[in-house]
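Source file data_6.cif; content: mmCIF, C-alpha atoms.
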```cif
data_my_file
loop_
_atom_site.label_atom_id
_atom_site.label_comp_id
_atom_site.auth_asym_id
_atom_site.auth_seq_id
_atom_site.Cartn_x
_atom_site.Cartn_y
_atom_site.Cartn_z
CA MET A 194 34.32 88.06 1.87
CA ASP A 195 35.39 88.18 5.52
CA LEU A 196 38.64 86.30 6.01
CA GLY A 197 38.91 87.20 9.68
CA THR A 198 42.24 88.30 11.07
CA VAL A 199 44.93 88.46 8.42
CA PRO A 200 48.52 87.94 9.65
CA ASP A 201 51.12 90.64 9.21
CA ASN A 202 52.92 88.74 6.45
CA ALA A 203 49.83 88.62 4.22
CA ALA A 204 47.86 91.19 2.26
CA VAL A 205 44.37 90.42 0.94
CA ARG A 206 42.97 92.22 -2.08
CA PRO A 207 39.85 91.42 -4.16
CA PHE A 208 41.81 91.90 -7.37
CA VAL A 209 45.40 92.59 -8.33
CA PRO A 210 46.70 92.20 -11.89
CA HIS A 211 48.99 89.18 -11.95
CA GLN A 212 51.65 91.22 -13.68
CA ARG A 213 52.02 93.41 -10.61
CA VAL A 214 52.93 90.49 -8.38
CA LEU A 215 54.42 87.71 -10.47
CA ASP A 216 57.62 89.55 -11.36
CA ASP A 217 58.66 89.14 -7.72
CA ALA A 218 56.83 85.95 -6.79
CA ALA A 219 58.53 82.70 -5.81
CA LEU A 220 55.35 80.59 -5.85
CA THR A 221 51.66 80.73 -6.74
CA VAL A 222 48.99 78.88 -4.78
CA THR A 223 45.90 78.67 -6.95
CA HIS A 224 42.68 76.87 -7.86
CA ALA A 225 44.44 76.09 -11.18
CA GLY A 226 42.31 78.05 -13.59
CA HIS A 227 44.17 78.39 -16.86
CA GLY A 228 44.64 82.15 -16.57
CA THR A 229 46.49 81.97 -13.28
CA VAL A 230 48.43 78.86 -14.25
CA ALA A 231 49.52 80.41 -17.54
CA ALA A 232 50.40 83.78 -16.03
CA SER A 233 52.50 82.13 -13.33
CA LEU A 234 54.32 79.86 -15.76
CA ALA A 235 54.92 82.78 -18.13
CA HIS A 236 56.88 84.34 -15.26
CA GLY A 237 58.64 81.08 -14.44
CA VAL A 238 56.78 80.83 -11.15
CA PRO A 239 56.00 77.29 -9.91
CA LEU A 240 52.65 76.38 -8.45
CA VAL A 241 50.81 74.59 -5.69
CA ALA A 242 47.43 73.76 -7.19
CA LEU A 243 44.18 73.30 -5.27
CA PRO A 244 41.72 72.59 -8.09
CA ASN A 245 37.97 72.65 -7.85
CA PRO A 246 36.43 69.45 -9.21
CA ALA A 247 35.23 71.27 -12.29
CA ALA A 248 36.17 72.09 -15.85
CA ASP A 249 39.88 71.98 -16.66
CA GLN A 250 41.25 72.67 -13.19
CA PRO A 251 42.01 69.09 -12.03
CA PHE A 252 43.53 68.35 -15.43
CA LEU A 253 45.77 71.45 -15.37
CA ALA A 254 46.84 70.79 -11.80
CA ALA A 255 47.87 67.25 -12.68
CA ARG A 256 49.60 68.42 -15.84
CA VAL A 257 51.66 71.02 -13.97
CA GLN A 258 52.77 68.37 -11.50
CA ARG A 259 53.58 65.94 -14.31
CA LEU A 260 55.75 68.60 -15.96
CA GLY A 261 57.56 69.17 -12.68
CA ALA A 262 56.46 72.79 -12.33
CA GLY A 263 54.54 72.34 -9.12
CA LEU A 264 52.42 70.11 -6.94
CA ALA A 265 48.74 69.22 -7.22
CA LEU A 266 46.66 68.74 -4.09
CA ASP A 267 42.98 68.14 -3.53
CA GLY A 268 41.00 71.36 -3.65
CA GLU A 269 39.88 70.75 -0.07
CA ALA A 270 43.36 69.92 1.21
CA ALA A 271 44.03 70.67 4.88
CA PRO A 272 46.20 73.71 5.71
CA THR A 273 49.02 71.49 6.96
CA LEU A 274 49.18 69.71 3.59
CA ILE A 275 49.22 73.02 1.76
CA GLN A 276 51.99 74.26 4.05
CA THR A 277 54.06 71.14 3.38
CA ALA A 278 53.60 71.51 -0.37
CA VAL A 279 54.53 75.21 -0.27
CA ARG A 280 57.72 74.43 1.63
CA GLU A 281 58.57 71.61 -0.77
CA VAL A 282 58.19 73.76 -3.89
CA LEU A 283 60.04 76.71 -2.37
CA SER A 284 62.94 74.55 -1.20
CA GLN A 285 63.50 72.42 -4.31
CA PRO A 286 64.92 74.40 -7.26
CA SER A 287 63.70 71.80 -9.76
CA TYR A 288 60.17 73.22 -9.62
CA ALA A 289 61.25 76.73 -10.55
CA ALA A 290 63.54 75.29 -13.22
CA ALA A 291 60.65 73.40 -14.81
CA ALA A 292 58.48 76.51 -14.64
CA ALA A 293 61.25 78.53 -16.28
CA LYS A 294 61.42 75.99 -19.10
CA LEU A 295 57.69 76.41 -19.70
CA ALA A 296 58.10 80.18 -19.59
CA ILE A 297 60.46 79.90 -22.56
CA ALA A 298 57.83 77.93 -24.48
CA ILE A 299 55.16 80.48 -23.63
CA HIS A 300 57.26 83.42 -24.77
CA ALA A 301 58.15 81.60 -28.00
CA ALA A 302 54.48 80.99 -28.84
CA PRO A 303 52.69 83.18 -31.43
CA GLY A 304 50.42 84.82 -28.84
CA VAL A 305 47.84 87.44 -29.71
CA GLY A 306 49.70 88.42 -32.88
CA GLY A 307 49.36 84.86 -34.14
CA ALA A 308 45.65 84.87 -33.35
CA VAL A 309 45.13 88.10 -35.27
CA LEU A 310 47.00 86.72 -38.28
CA GLU A 311 44.93 83.54 -38.34
CA LEU A 312 41.68 85.48 -38.08
CA GLU A 313 42.72 87.91 -40.81
CA ARG A 314 43.58 84.90 -42.97
CA LEU A 315 40.13 83.45 -42.33
CA ALA A 316 38.46 86.76 -43.15
CA SER A 317 40.22 86.81 -46.49
CA VAL A 318 38.55 83.53 -47.46
CA THR A 319 35.11 83.97 -48.95
CA SER A 320 33.73 80.50 -48.37
CA PRO A 321 31.96 80.06 -45.01
CA THR A 322 32.87 76.37 -44.89
CA PRO A 323 36.28 74.77 -44.48
CA ALA A 324 38.19 73.40 -47.43
CA MET B 71 38.65 96.17 -42.11
CA THR B 72 36.63 93.20 -40.92
CA ARG B 73 33.94 93.01 -38.28
CA PHE B 74 34.52 90.04 -35.98
CA ALA B 75 31.79 88.71 -33.69
CA PHE B 76 32.92 86.76 -30.63
CA VAL B 77 30.20 84.39 -29.40
CA THR B 78 30.88 83.69 -25.76
CA TRP B 79 29.62 83.08 -22.26
CA ASP B 80 31.35 83.71 -18.99
CA ARG B 81 32.83 80.62 -17.39
CA GLY B 82 35.60 82.67 -15.82
CA GLY B 83 38.79 81.95 -17.67
CA ASN B 84 37.41 81.92 -21.19
CA VAL B 85 36.62 85.64 -21.47
CA PRO B 86 40.04 87.31 -20.87
CA PRO B 87 41.75 85.51 -23.80
CA ALA B 88 38.82 86.43 -26.06
CA VAL B 89 39.12 90.04 -24.93
CA GLY B 90 42.89 89.95 -25.47
CA ILE B 91 42.44 88.76 -29.04
CA ALA B 92 39.71 91.34 -29.59
CA GLN B 93 42.06 94.05 -28.35
CA GLY B 94 44.64 92.83 -30.86
CA LEU B 95 42.11 92.96 -33.69
CA ILE B 96 40.96 96.44 -32.72
CA ALA B 97 44.58 97.61 -32.64
CA ARG B 98 44.86 96.38 -36.23
CA GLY B 99 41.87 98.50 -37.27
CA HIS B 100 39.14 95.84 -37.20
CA ASP B 101 35.76 96.06 -35.52
CA VAL B 102 34.75 93.63 -32.78
CA VAL B 103 31.43 92.86 -31.15
CA PHE B 104 30.74 90.35 -28.40
CA ILE B 105 27.56 88.26 -28.54
CA GLY B 106 26.48 86.58 -25.33
CA TYR B 107 24.28 86.75 -22.24
CA GLU B 108 22.78 89.78 -20.51
CA VAL B 109 24.76 89.01 -17.35
CA GLN B 110 27.90 89.79 -19.37
CA ARG B 111 26.76 93.19 -20.62
CA LYS B 112 28.19 95.22 -17.74
CA GLY B 113 31.61 93.59 -18.01
CA PHE B 114 31.95 94.32 -21.70
CA GLU B 115 30.62 97.85 -21.34
CA GLN B 116 33.19 98.51 -18.60
CA ARG B 117 35.84 97.36 -21.06
CA ARG B 118 34.34 99.69 -23.69
CA LEU B 119 33.66 96.74 -25.99
CA SER B 120 30.50 96.40 -28.09
CA PHE B 121 28.05 93.81 -26.82
CA VAL B 122 24.80 92.31 -28.11
CA ALA B 123 22.75 89.79 -26.14
CA LEU B 124 21.49 86.61 -27.76
CA ARG B 125 17.83 87.30 -28.53
CA ARG B 126 16.26 84.05 -27.31
CA SER B 127 18.81 82.47 -25.00
CA GLY B 128 20.52 85.62 -23.72
CA ALA B 129 18.37 86.05 -20.62
CA PHE B 130 19.74 82.87 -19.06
CA ASP B 131 21.75 83.64 -15.93
CA THR B 132 24.97 81.68 -16.33
CA PHE B 133 26.00 82.69 -12.81
CA ALA B 134 22.86 81.42 -11.09
CA THR B 135 23.72 79.12 -8.24
CA SER B 136 21.60 76.05 -7.72
CA GLU B 137 21.92 72.37 -7.02
CA PRO B 138 24.81 71.11 -9.20
CA GLY B 139 22.63 68.82 -11.31
CA HIS B 140 20.24 71.63 -12.11
CA ARG B 141 23.10 73.97 -12.91
CA ILE B 142 24.59 71.47 -15.36
CA SER B 143 21.23 70.87 -17.05
CA GLY B 144 20.62 74.61 -17.26
CA LEU B 145 24.00 75.25 -18.85
CA THR B 146 23.50 72.34 -21.25
CA ALA B 147 20.13 73.62 -22.45
CA ASN B 148 21.04 77.29 -22.62
CA VAL B 149 24.78 77.47 -23.32
CA TRP B 150 26.50 74.23 -24.30
CA ALA B 151 23.82 72.78 -26.58
CA SER B 152 21.17 75.43 -27.04
CA PRO B 153 18.81 74.92 -30.00
CA ASP B 154 17.98 78.63 -29.66
CA HIS B 155 21.46 79.42 -30.91
CA LEU B 156 20.54 78.06 -34.34
CA ASP B 157 18.41 81.16 -34.80
CA ASP B 158 20.09 83.50 -32.33
CA ILE B 159 23.40 83.50 -34.19
CA PRO B 160 22.03 84.43 -37.64
CA ASP B 161 19.90 87.11 -35.97
CA ALA B 162 22.92 88.53 -34.15
CA LEU B 163 25.00 88.47 -37.31
CA ASP B 164 22.32 90.45 -39.12
CA ALA B 165 21.97 92.88 -36.23
CA THR B 166 25.70 93.52 -36.00
CA SER B 167 26.63 93.22 -39.69
CA SER B 168 29.50 90.94 -38.69
CA ASP B 169 31.72 89.18 -41.22
CA VAL B 170 33.45 86.47 -39.19
CA LEU B 171 32.39 84.49 -36.12
CA VAL B 172 34.77 83.50 -33.33
CA VAL B 173 32.86 80.94 -31.28
CA ASP B 174 33.66 79.57 -27.84
CA PHE B 175 34.48 75.88 -28.29
CA SER B 176 31.81 74.79 -25.81
CA MET B 177 28.79 76.40 -27.51
CA GLN B 178 27.60 73.62 -29.81
CA GLY B 179 24.46 75.42 -30.98
CA ALA B 180 26.52 78.37 -32.18
CA LEU B 181 29.04 76.02 -33.78
CA ALA B 182 26.20 74.24 -35.61
CA SER B 183 24.75 77.54 -36.76
CA ALA B 184 28.06 78.54 -38.30
CA THR B 185 28.47 75.08 -39.80
CA ARG B 186 25.15 75.64 -41.58
CA GLY B 187 26.75 78.64 -43.24
CA ALA B 188 25.84 81.60 -41.06
CA ALA B 189 29.33 83.05 -41.51
CA PRO B 190 32.99 82.02 -41.70
CA MET B 191 33.93 80.66 -38.31
CA ALA B 192 36.92 80.27 -36.06
CA VAL B 193 36.74 78.37 -32.79
CA LEU B 194 38.36 79.59 -29.59
CA ALA B 195 39.51 77.26 -26.81
CA HIS B 196 41.08 79.12 -23.90
CA SER B 197 42.84 76.19 -22.22
CA ALA B 198 44.03 72.66 -22.84
CA ILE B 199 41.46 70.84 -24.95
CA ALA B 200 42.26 67.61 -23.13
CA GLY B 201 41.06 69.26 -19.94
CA LEU B 202 38.20 71.30 -21.37
CA VAL B 203 36.27 68.76 -23.40
CA PRO B 204 34.64 65.99 -21.35
CA PRO B 205 35.04 62.54 -22.91
CA PRO B 206 31.88 61.00 -24.34
CA ASP B 207 31.89 58.20 -21.75
CA SER B 208 31.80 60.60 -18.79
CA PRO B 209 28.39 61.60 -17.34
CA VAL B 210 28.77 65.27 -18.28
CA GLY B 211 30.30 64.42 -21.65
CA ALA B 212 27.54 61.96 -22.50
CA ALA B 213 24.83 64.45 -21.54
CA ARG B 214 26.40 67.24 -23.56
CA LEU B 215 26.96 64.97 -26.55
CA SER B 216 23.35 63.75 -26.47
CA ALA B 217 22.01 67.29 -26.28
CA THR B 218 24.40 68.38 -29.03
CA ASN B 219 23.26 65.61 -31.35
CA SER B 220 19.62 66.47 -30.68
CA LEU B 221 20.15 70.05 -31.76
CA ARG B 222 22.20 68.90 -34.74
CA GLU B 223 19.21 66.83 -35.85
CA VAL B 224 17.16 70.01 -35.76
CA ALA B 225 19.89 71.69 -37.79
CA ARG B 226 20.00 68.69 -40.17
CA LEU B 227 23.65 68.11 -39.41
CA PRO B 228 25.23 64.70 -38.82
CA HIS B 229 25.71 63.37 -35.30
CA LEU B 230 29.05 63.75 -33.56
CA ALA B 231 30.91 60.89 -31.88
CA ARG B 232 32.91 63.39 -29.82
CA LEU B 233 32.20 67.02 -28.97
CA SER B 234 35.50 68.12 -30.51
CA GLU B 235 34.38 66.90 -33.94
CA ALA B 236 32.24 70.04 -34.18
CA TRP B 237 35.30 72.09 -35.08
CA THR B 238 37.20 69.60 -37.22
CA GLY B 239 38.60 71.48 -40.19
CA TYR B 240 37.74 74.92 -38.85
CA THR B 241 40.39 77.41 -37.80
CA THR B 242 40.77 76.66 -34.09
CA LEU B 243 42.69 78.96 -31.77
CA VAL B 244 43.94 77.36 -28.57
CA THR B 245 45.38 79.85 -26.12
CA THR B 246 47.75 77.55 -24.32
CA ILE B 247 51.05 75.86 -25.07
CA LEU B 248 51.62 72.42 -26.52
CA ALA B 249 53.20 71.13 -23.33
CA LEU B 250 50.02 71.68 -21.33
CA ASP B 251 47.76 69.86 -23.79
CA PRO B 252 48.22 66.20 -24.78
CA ALA B 253 45.42 66.73 -27.33
CA ALA B 254 47.93 68.71 -29.39
CA GLU B 255 49.60 65.44 -30.38
CA THR B 256 46.63 64.44 -32.53
CA ALA B 257 45.44 67.89 -33.63
CA ASP B 258 45.28 68.62 -37.34
CA ASP B 259 46.74 71.64 -39.15
CA SER B 260 43.66 73.78 -38.53
CA VAL B 261 44.36 73.83 -34.77
CA HIS B 262 46.76 76.59 -33.73
CA TYR B 263 48.44 76.59 -30.33
CA LEU B 264 49.07 80.26 -29.68
CA GLY B 265 50.25 80.27 -26.10
CA PRO B 266 48.40 82.18 -23.40
CA VAL B 267 46.71 85.43 -24.40
CA PHE B 268 46.25 87.96 -21.63
CA GLU B 269 43.81 90.82 -21.56
CA ALA B 270 45.41 94.27 -21.49
CA LEU B 271 44.25 95.79 -18.23
CA PRO B 272 44.22 99.43 -17.11
CA GLU B 273 46.92 100.55 -14.70
CA ASP B 274 46.24 99.37 -11.17
CA PRO B 275 47.21 101.53 -8.21
CA TRP B 276 48.10 98.59 -5.96
CA GLU B 277 51.51 98.78 -4.33
CA SER B 278 53.21 96.01 -2.42
CA PRO B 279 53.14 96.60 1.36
CA TRP B 280 56.58 95.04 1.70
CA ARG B 281 59.98 96.60 1.14
CA ALA B 282 61.75 95.84 -2.12
CA ASP B 283 64.70 94.35 -0.22
CA ASP B 284 62.51 92.00 1.85
CA ASP B 285 64.22 88.62 1.39
CA ARG B 286 61.27 86.45 2.32
CA PRO B 287 59.81 84.54 -0.65
CA LEU B 288 56.68 86.19 -2.03
CA VAL B 289 53.78 83.75 -2.45
CA LEU B 290 50.81 84.73 -4.60
CA VAL B 291 47.57 83.07 -3.54
CA SER B 292 45.18 83.52 -6.45
CA ILE B 293 41.76 81.91 -6.07
#
```
Write the structure described by the file as structure tokens, please.
Amino acid sequence: MDLGTVPDNAAVRPFVPHQRVLDDAALTVTHAGHGTVAASLAHGVPLVALPNPAADQPFLAARVQRLGAGLALDGEAAPTLIQTAVREVLSQPSYAAAAAKLAIAIHAAPGVGGAVLELERLASVTSPTPA
Amino acid sequence: MTRFAFVTWDRGGNVPPAVGIAQGLIARGHDVVFIGYEVQRKGFEQRRLSFVALRRSGAFDTFATSEPGHRISGLTANVWASPDHLDDIPDALDATSSDVLVVDFSMQGALASATRGAAPMAVLAHSAIAGLVPPPDSPVGAARLSATNSLREVARLPHLARLSEAWTGYTTLVTTILALDPAAETADDSVHYLGPVFEALPEDPWESPWRADDDRPLVLVSI
């Protein structure tokens, strides 16, 4: 993808693991796929969401805004609107505070260990149909 | 040791949580195989995970770009409500000698196959169910429900009033948190909200181009 001239304060990469960036990030701008939303919130990073009109993205964008952890715009929002939203989220501590609250919930969740336990429990049951 | 078979397709965000859970199972000494579409083979092989393509439906290109209506109808017939899955899943279970199925929530043919007794089944939903499952009165939801009920007639299973009824009573793993999913308020005890599950990735050589003491806020743009 050719993005043209990239300004000095930006770096463009086709892929970077979220973990490498989110520890130091103040904000994520995203299409609001669950992976990026969840990774950002797990780091207490608020969001500006630009969802595609597909799947769960509009729902997640609206949910993040409802929970106070970011703002949801139209996926085709003009750059000036995105800029305004970015400045709003960066300047108001309430967004980061709401994201931090969700980070606590994420880190308290069972995670992959809980999934493994549930699947091992299922494997120990001989019947292929639920009780 | 148990051999788990993950039945999946690649819609983007649904694969990494499945891989993360698979990595957890493998770390516990279990075997894992992924069952899906040929277009996924390279990705699983790069991850060094076993992969088997669905025999009848597996040639469908889930990434093919076309007019949106055609794309939706293609996904409905080949992924979301594929009658081929009624036979593909038992075949894949035989071929892989798997003990337990972990089925993507959206694949109603595979869910029906397991409901008919192909193998013990868990269902995996990678995001908020309230956002993932289209309501039956929406155009996409109505089309998927109609196609699902057609294949369930073939499978001699009762019709569904909502797509989510396909996994009622089955162990359902939802890899998000309660706060992100209003559907959690009415979920029964078989639905487990696990929080996000992330795939373990190899070390990446990327280094930030900015100094550690740069006081400008860092904004991640992830599209």
Can you translate the PyMOL selection byres ((chain A) within 6 of (chain B)) into the concrete residues it hits in this file, as a ChimeraX atom specification?
/A:218-224,227-228,248-249,252,299,302-305,309,321,323
Quick one: which residues end up in the PyMOL selection byres ((chain B and resi 110) around 12) for this structure, as number ranges by chain?
B: 77-82, 85, 104-109, 111-117, 119-124, 128-133
What would the selection look like, as a ChimeraX atom specification, if the PyMOL selection byres ((chain A and resi 232) around 8) were run on the coordinates I just shared?
/A:211-212,215,228-231,233-236 /B:266
What does the structure give for the distance between CA of Lys294 in chain A and CA of Pro251 in chain A, in Å to one decimal?
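The value is 21.8 Å.
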In Å, rounded to a single decimal, give me how far CA of Asp174 in chain B is from CA of Ser143 in chain B.
18.6 Å
Calculate how many Å separate CA of Ile275 in chain A from CA of Val214 in chain A, rounding to one decimal.
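A separation of 20.5 Å between them.
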Find the residues around Asp161 in chain B up to 9 Å (only C-alpha atoms counted), leave out those fewer than 4 positions away in its own chain, and share them as a PyMOL selection string.
chain B and resi 124-125+157+165-166
Centre, edges in Å (one decimal): axis-aligned box, range 232-243 of chain A, 6 Å padding on all six sides, as AutoDock Vina command-line options:
```
--center_x 51.4 --center_y 78.8 --center_z -11.7 --size_x 26.5 --size_y 23.0 --size_z 24.9
```
Would you list the contacts of Asp154 in chain B as number ranges by chain, taking every protein, DNA or RNA residue within 9 Å and counting only C-alpha atoms, but skipping same-chain residues closer than 5 positions in sequence?
B: 124-127, 148, 159, 179-180
May I have the residues within 8 Å of Ala242 in chain A as a list in words, using only C-alpha atoms and disregarding those fewer than 3 positions away in the same chain?
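Returned residues: Val222, Thr223, His224, Ala225, Ala254, Gly263, Leu264, Ala265, Leu266 and Gly268 of chain A.
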Residues from last step as file, C-alpha atoms, as a PDB file, in the frame of the given file:
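Output file again03.pdb follows:
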```pdb
ATOM      1  CA  VAL A 222      48.990  78.880  -4.780  1.00  0.00           C
ATOM      2  CA  THR A 223      45.900  78.670  -6.950  1.00  0.00           C
ATOM      3  CA  HIS A 224      42.680  76.870  -7.860  1.00  0.00           C
ATOM      4  CA  ALA A 225      44.440  76.090 -11.180  1.00  0.00           C
ATOM      5  CA  ALA A 254      46.840  70.790 -11.800  1.00  0.00           C
ATOM      6  CA  GLY A 263      54.540  72.340  -9.120  1.00  0.00           C
ATOM      7  CA  LEU A 264      52.420  70.110  -6.940  1.00  0.00           C
ATOM      8  CA  ALA A 265      48.740  69.220  -7.220  1.00  0.00           C
ATOM      9  CA  LEU A 266      46.660  68.740  -4.090  1.00  0.00           C
ATOM     10  CA  GLY A 268      41.000  71.360  -3.650  1.00  0.00           C
TER      11      GLY A 268
END
```
Exercise: range 221-234 of chain B partners within 7 Å, all atoms listed in the file, chain neighbours under 2 positions left out, as an mmCIF file with C-alpha atoms, in the coordinates of the input:
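And here's result10.cif as it stands now:
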```
data_model
loop_
_atom_site.group_PDB
_atom_site.id
_atom_site.type_symbol
_atom_site.label_atom_id
_atom_site.label_comp_id
_atom_site.auth_asym_id
_atom_site.auth_seq_id
_atom_site.Cartn_x
_atom_site.Cartn_y
_atom_site.Cartn_z
ATOM 1 C CA ALA B 151 23.820 72.780 -26.580
ATOM 2 C CA PRO B 153 18.810 74.920 -30.000
ATOM 3 C CA GLY B 179 24.460 75.420 -30.980
ATOM 4 C CA ALA B 182 26.200 74.240 -35.610
ATOM 5 C CA PRO B 206 31.880 61.000 -24.340
ATOM 6 C CA LEU B 215 26.960 64.970 -26.550
ATOM 7 C CA ALA B 217 22.010 67.290 -26.280
ATOM 8 C CA THR B 218 24.400 68.380 -29.030
ATOM 9 C CA ASN B 219 23.260 65.610 -31.350
ATOM 10 C CA ALA B 236 32.240 70.040 -34.180
ATOM 11 C CA TRP B 237 35.300 72.090 -35.080
#
```
